[in-house]
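Trainee: Right, I'll just put the structure down here and ask away after.
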Amino acid sequence: MAGLQALIFDVDGTLADTEKDGHRVAFNAAFRDAGLEWDWDEALYGELLAVTGGKERMRYYIERWSPACPEITDQDAWIAGLHRAKTAHYTRMLSEGAIPLRPGVRRLLDEARAEGVRLAIATTTTPANVTALLEHTLGPESIDWFEVIAAGDIVPAKKPAPDIYDWALRKMRLAPEEVVAFEDSGNGVLSAADAGIRDIVVTVNDYTRDHDFSRASVVLDGLGEPGRPARCLAGAAPAEGVVDLGYLRARHA
Ligand code: XBP
Ligand code: MG
């Protein structure tokens with residue numbers, strides 16, 4: 001085996017807890033601006049997260065909950081417009097520093113860069129959201145730390161389909177056994193696993209704690225920091241509760 005070559009990160013829920021206080025709030029702001037009386041509370045949003053992709057999520061909400069909608073002839077174009085407004089709200093929130101990275105993310109990225117381990121992103125969210133998050137948490141130069149940013153509509157089928165991981169692996173010319181994928185959700189794990197990735201590190205959050213992670217290699221409540229260990233929920237725990245390169249490399253030896 002070639003050993004560990006790259007770390008591929010999901011964004012929402014993995015790099016940062018973006019859903020409840022970020023995307024959800026931005027969707028509601030866009031709905032208000034459009035004069036809609038839709039309100040996605042925390043519990044409803046948890047149900048809607050079963051569908052990945054903001055445009056797909058709104059379409060699912062309309063189909064499943066039949067909320068009051070204006071007379072429209074082109075639903076796809078209307079949803080796309082609402083979604084652009086939502087992205088504008090979300091990226092403004094990020095620029096105001098509304099959402100920090102999860103503990104341990106910066107440490108692991110720094111360690112990987114120092115050791116020449118390649119970095120990539122594979123996410124369902126819109127590319128502008130990824131660059132805004134990186135820019136406002138790690139600085140504008142951090143966008144270049146990632147050799148590949150695979151995001152949003154560049155593939156036709158979003159997670160749980162494997163397409164976004166397939167795309168990233170192809171771009172990096174890497175085999176699935178040469179990478180670790182970092183995910184927070186059941187849909188994300190399915191996507192990575194169906195792309196052939198065998199080493200999947202899950203860091204759960206409140207929305208994803210009860211998902212099915214049977215295809216992940218380890219499930220933790222975070223990456224951990226020295227002195228602030230992560231709790232291991234399944235799989236082989238890292239020493240001292242900290243996911244670092246030594247722990248990740250040992251699994252690929
Ligand atoms: C993230 C998503 C995204 C975000 C919202 O899933 O499903 O849709 O919730 O972003 P994952 P957009 O973490 O599995 O990639 O509105 O830009 O889609
Ligand atoms: Mg996620």
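Naming scheme: A, B, ... for chains in displayed order of the structure tokens; residues 1 onward per chain; ligands 1 onward as shown.
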Just the helix (DSSP H, G or I) stuff from region 24-239 of chain A, please, per backbone DSSP, written as a count of residues only.
Mentor: 104
Trainee: If you count only C-alpha atoms and all ligand atoms, which residues end up within 7 Å of ligand 2, as a PyMOL selection string?
Mentor: chain A and resi 10-14+183-185+188
Trainee: Go ahead and write the selection's residues with N, CA, C and O atoms as a compact mmCIF listing (two decimals), in the first residue's frame.
Mentor:
# COMPACT_ATOMS: atom_id res chain seq x y z
N ASP A 10 -15.06 16.88 4.45
CA ASP A 10 -16.38 17.46 4.28
C ASP A 10 -16.34 18.84 4.95
O ASP A 10 -15.44 19.12 5.75
N VAL A 11 -17.30 19.68 4.67
CA VAL A 11 -17.30 21.04 5.25
C VAL A 11 -18.36 21.19 6.33
O VAL A 11 -18.06 21.36 7.52
N ASP A 12 -19.64 21.10 5.91
CA ASP A 12 -20.72 21.39 6.86
C ASP A 12 -20.81 20.32 7.94
O ASP A 12 -21.00 19.14 7.64
N GLY A 13 -20.68 20.75 9.18
CA GLY A 13 -20.74 19.82 10.30
C GLY A 13 -19.39 19.22 10.64
O GLY A 13 -19.21 18.73 11.74
N THR A 14 -18.43 19.26 9.70
CA THR A 14 -17.12 18.62 9.91
C THR A 14 -16.04 19.67 10.19
O THR A 14 -15.41 19.65 11.25
N GLU A 183 -15.87 13.10 7.89
CA GLU A 183 -17.30 13.35 7.69
C GLU A 183 -18.01 13.51 9.02
O GLU A 183 -17.48 13.14 10.07
N ASP A 184 -19.25 14.01 8.95
CA ASP A 184 -20.04 14.14 10.18
C ASP A 184 -21.42 13.49 10.06
O ASP A 184 -22.15 13.46 11.05
N SER A 185 -21.78 13.00 8.86
CA SER A 185 -23.17 12.56 8.67
C SER A 185 -23.24 11.19 7.99
O SER A 185 -22.29 10.76 7.33
N GLY A 188 -22.79 11.52 4.27
CA GLY A 188 -21.39 11.74 3.93
C GLY A 188 -20.59 10.45 3.95
O GLY A 188 -19.76 10.19 3.08
Trainee: Find, counting only C-alpha atoms and all ligand atoms, the residue in A:Glu135, A:Asp21, A:Asp199, A:Glu71 that gets nearest to ligand 1.
Mentor: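 Ranking A:Glu135, A:Asp21, A:Asp199, A:Glu71 by distance to ligand 1, first place goes to A:Asp21.
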Trainee: Could you pull out the residues sitting within 10 Å of ligand 1, using only C-alpha atoms and all ligand atoms, and write them as a short mmCIF file (atom, residue, chain, number, x, y, z; two decimals) with C-alpha atoms, in the first residue's frame?
Mentor:
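Output file result_24.cif is given in full below:
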data_model
loop_
_atom_site.label_atom_id
_atom_site.label_comp_id
_atom_site.auth_asym_id
_atom_site.auth_seq_id
_atom_site.Cartn_x
_atom_site.Cartn_y
_atom_site.Cartn_z
CA PHE A 9 -12.65 16.98 4.39
CA ASP A 10 -16.38 17.46 4.28
CA VAL A 11 -17.30 21.04 5.25
CA ASP A 12 -20.72 21.39 6.86
CA GLY A 13 -20.74 19.82 10.30
CA THR A 14 -17.12 18.62 9.91
CA LEU A 15 -14.87 21.66 9.51
CA ALA A 16 -17.43 23.78 11.37
CA ASP A 17 -20.88 23.48 12.93
CA THR A 18 -22.55 25.41 10.16
CA GLU A 19 -26.07 24.01 9.96
CA LYS A 20 -28.18 25.11 12.98
CA GLY A 22 -25.59 29.20 9.91
CA HIS A 23 -27.36 27.68 6.93
CA ARG A 24 -30.71 27.37 8.78
CA ALA A 26 -29.68 32.11 6.25
CA PHE A 27 -32.52 30.08 4.70
CA TYR A 45 -34.30 21.59 9.94
CA LEU A 48 -34.81 18.44 6.26
CA LEU A 49 -31.09 17.67 6.54
CA ALA A 50 -31.92 14.17 5.30
CA VAL A 51 -31.81 15.84 1.87
CA THR A 52 -28.39 17.26 0.95
CA GLY A 53 -28.11 20.43 -1.11
CA GLY A 54 -29.94 23.65 -0.30
CA LYS A 55 -31.95 23.78 -3.54
CA GLU A 56 -32.86 20.11 -3.25
CA ARG A 57 -33.83 20.68 0.43
CA MET A 58 -36.23 23.52 -0.47
CA HIS A 83 -30.95 29.90 -2.93
CA ARG A 84 -28.76 32.75 -4.25
CA LYS A 86 -29.68 32.42 1.04
CA THR A 87 -26.01 32.11 -0.04
CA TYR A 90 -24.80 32.90 4.72
CA ILE A 121 -12.47 19.20 0.22
CA ALA A 122 -15.49 17.18 -0.90
CA THR A 123 -18.75 18.88 0.00
CA THR A 124 -22.32 19.36 -1.08
CA THR A 125 -22.42 23.04 -0.27
CA THR A 126 -21.99 25.91 -2.73
CA PRO A 127 -18.33 26.80 -3.60
CA ALA A 128 -18.75 30.42 -2.37
CA ASN A 129 -19.67 29.08 1.07
CA VAL A 130 -16.47 27.03 1.28
CA ALA A 151 -18.21 21.44 -4.12
CA GLY A 152 -21.87 21.87 -4.98
CA ASP A 153 -23.21 21.39 -8.48
CA LYS A 158 -24.97 15.03 -4.37
CA LYS A 159 -24.14 12.95 -1.27
CA PRO A 160 -24.99 10.16 -0.46
CA ILE A 164 -18.14 14.20 -5.28
CA GLU A 183 -17.30 13.35 7.69
CA ASP A 184 -20.04 14.14 10.18
CA SER A 185 -23.17 12.56 8.67
CA GLY A 186 -24.60 9.26 7.48
CA ASN A 187 -25.01 10.62 3.95
CA GLY A 188 -21.39 11.74 3.93
CA VAL A 189 -20.13 8.34 5.08
CA LEU A 190 -22.15 6.58 2.37
CA SER A 191 -20.73 8.92 -0.26
#
Trainee: Could you list, as an mmCIF file with C-alpha atoms, in the first residue's frame, every residue within 7 Å of Ala181 (chain A), counting only C-alpha atoms and ignoring same-chain residues fewer than 4 positions away?
Mentor:
data_model
loop_
_atom_site.group_PDB
_atom_site.id
_atom_site.type_symbol
_atom_site.label_atom_id
_atom_site.label_comp_id
_atom_site.auth_asym_id
_atom_site.auth_seq_id
_atom_site.Cartn_x
_atom_site.Cartn_y
_atom_site.Cartn_z
ATOM 1 C CA LEU A 7 -6.900 14.093 3.871
ATOM 2 C CA ILE A 8 -10.276 14.905 2.299
ATOM 3 C CA PHE A 9 -12.654 16.980 4.394
ATOM 4 C CA ALA A 192 -17.117 8.324 0.772
ATOM 5 C CA ASP A 199 -10.773 4.987 6.167
ATOM 6 C CA ILE A 200 -13.543 7.351 7.221
ATOM 7 C CA VAL A 201 -13.217 9.370 10.420
#
Trainee: Quick one: distance from CA of Leu223 (chain A) to CA of Gly104 (chain A) in Å, one decimal?
Mentor: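 Distance reported for this atom pair: 5.1 Å.
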Trainee: Can you pull out the residues contacting Val180 (chain A)? Cut-off 12 Å, using only C-alpha atoms, and skip same-chain residues under 5 positions away; I want them as a PyMOL selection string.
Mentor: chain A and resi 3-10+112+117-122+165+169+174-175+189+192-193+195-202+216-218+243-245+247-252
Trainee: For each of A:Val105, A:Asp163, A:Ala168, A:Leu133, take the minimum atom-to-atom distance to Glu147 (chain A), counting only C-alpha atoms, then give the residue where this is smallest.
Mentor: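 Comparing A:Val105, A:Asp163, A:Ala168, A:Leu133 against Glu147 (chain A), the winner is A:Ala168.
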Trainee: Determine which residues of region 59-244 of chain A DSSP labels as strand (DSSP E) from the backbone of this structure, then write them out as a ChimeraX atom specification.
Mentor: /A:118-123,148-151,179-183,199-203,218-220,232-234
Trainee: Of the residues A:Ser142, A:Pro103, A:Ala150, A:Arg113, which is the one nearest to Gly224 (chain A), using only C-alpha atoms?
Mentor: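 Answer, going by the shortest atom-to-atom distance: A:Pro103.
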Trainee: Excluding Asp39 (chain A) and its own-chain neighbours fewer than 5 positions away, which residues fall within 9 Å of it when counting only C-alpha atoms? Please give them as a compact mmCIF listing (two decimals) with N, CA and C atoms, in the first residue's frame.
Mentor:
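Here's the written file part03.txt:
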# COMPACT_ATOMS: atom_id res chain seq x y z
N PHE A 27 -31.31 30.46 5.43
CA PHE A 27 -32.52 30.08 4.70
C PHE A 27 -33.70 30.92 5.19
N ASN A 28 -33.87 31.01 6.51
CA ASN A 28 -35.01 31.74 7.05
C ASN A 28 -34.97 33.22 6.67
N PHE A 31 -36.11 33.50 3.14
CA PHE A 31 -37.57 33.31 3.06
C PHE A 31 -38.29 34.61 3.45
N ARG A 32 -37.83 35.22 4.53
CA ARG A 32 -38.45 36.49 4.99
C ARG A 32 -38.33 37.55 3.91
N LEU A 44 -37.36 20.95 12.74
CA LEU A 44 -37.73 20.73 11.34
C LEU A 44 -36.47 20.67 10.48
Trainee: Between CA of Gly222 (chain A) and CA of Leu134 (chain A), what distance in Å does the model show, to one decimal?
Mentor: 18.8 Å
Trainee: Just to confirm, what's the straight-line distance from CA of Leu233 (chain A) to CA of Pro176 (chain A) in Å (one decimal)?
Mentor: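 Separation between CA of Leu233 (chain A) and CA of Pro176 (chain A): 24.3 Å.
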Trainee: A:Leu36, A:Ile143, A:Ile154, A:Leu108: which is nearest Pro67 (chain A), counting only C-alpha atoms?
Mentor: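 Closest to Pro67 (chain A), using only C-alpha atoms: A:Leu36.
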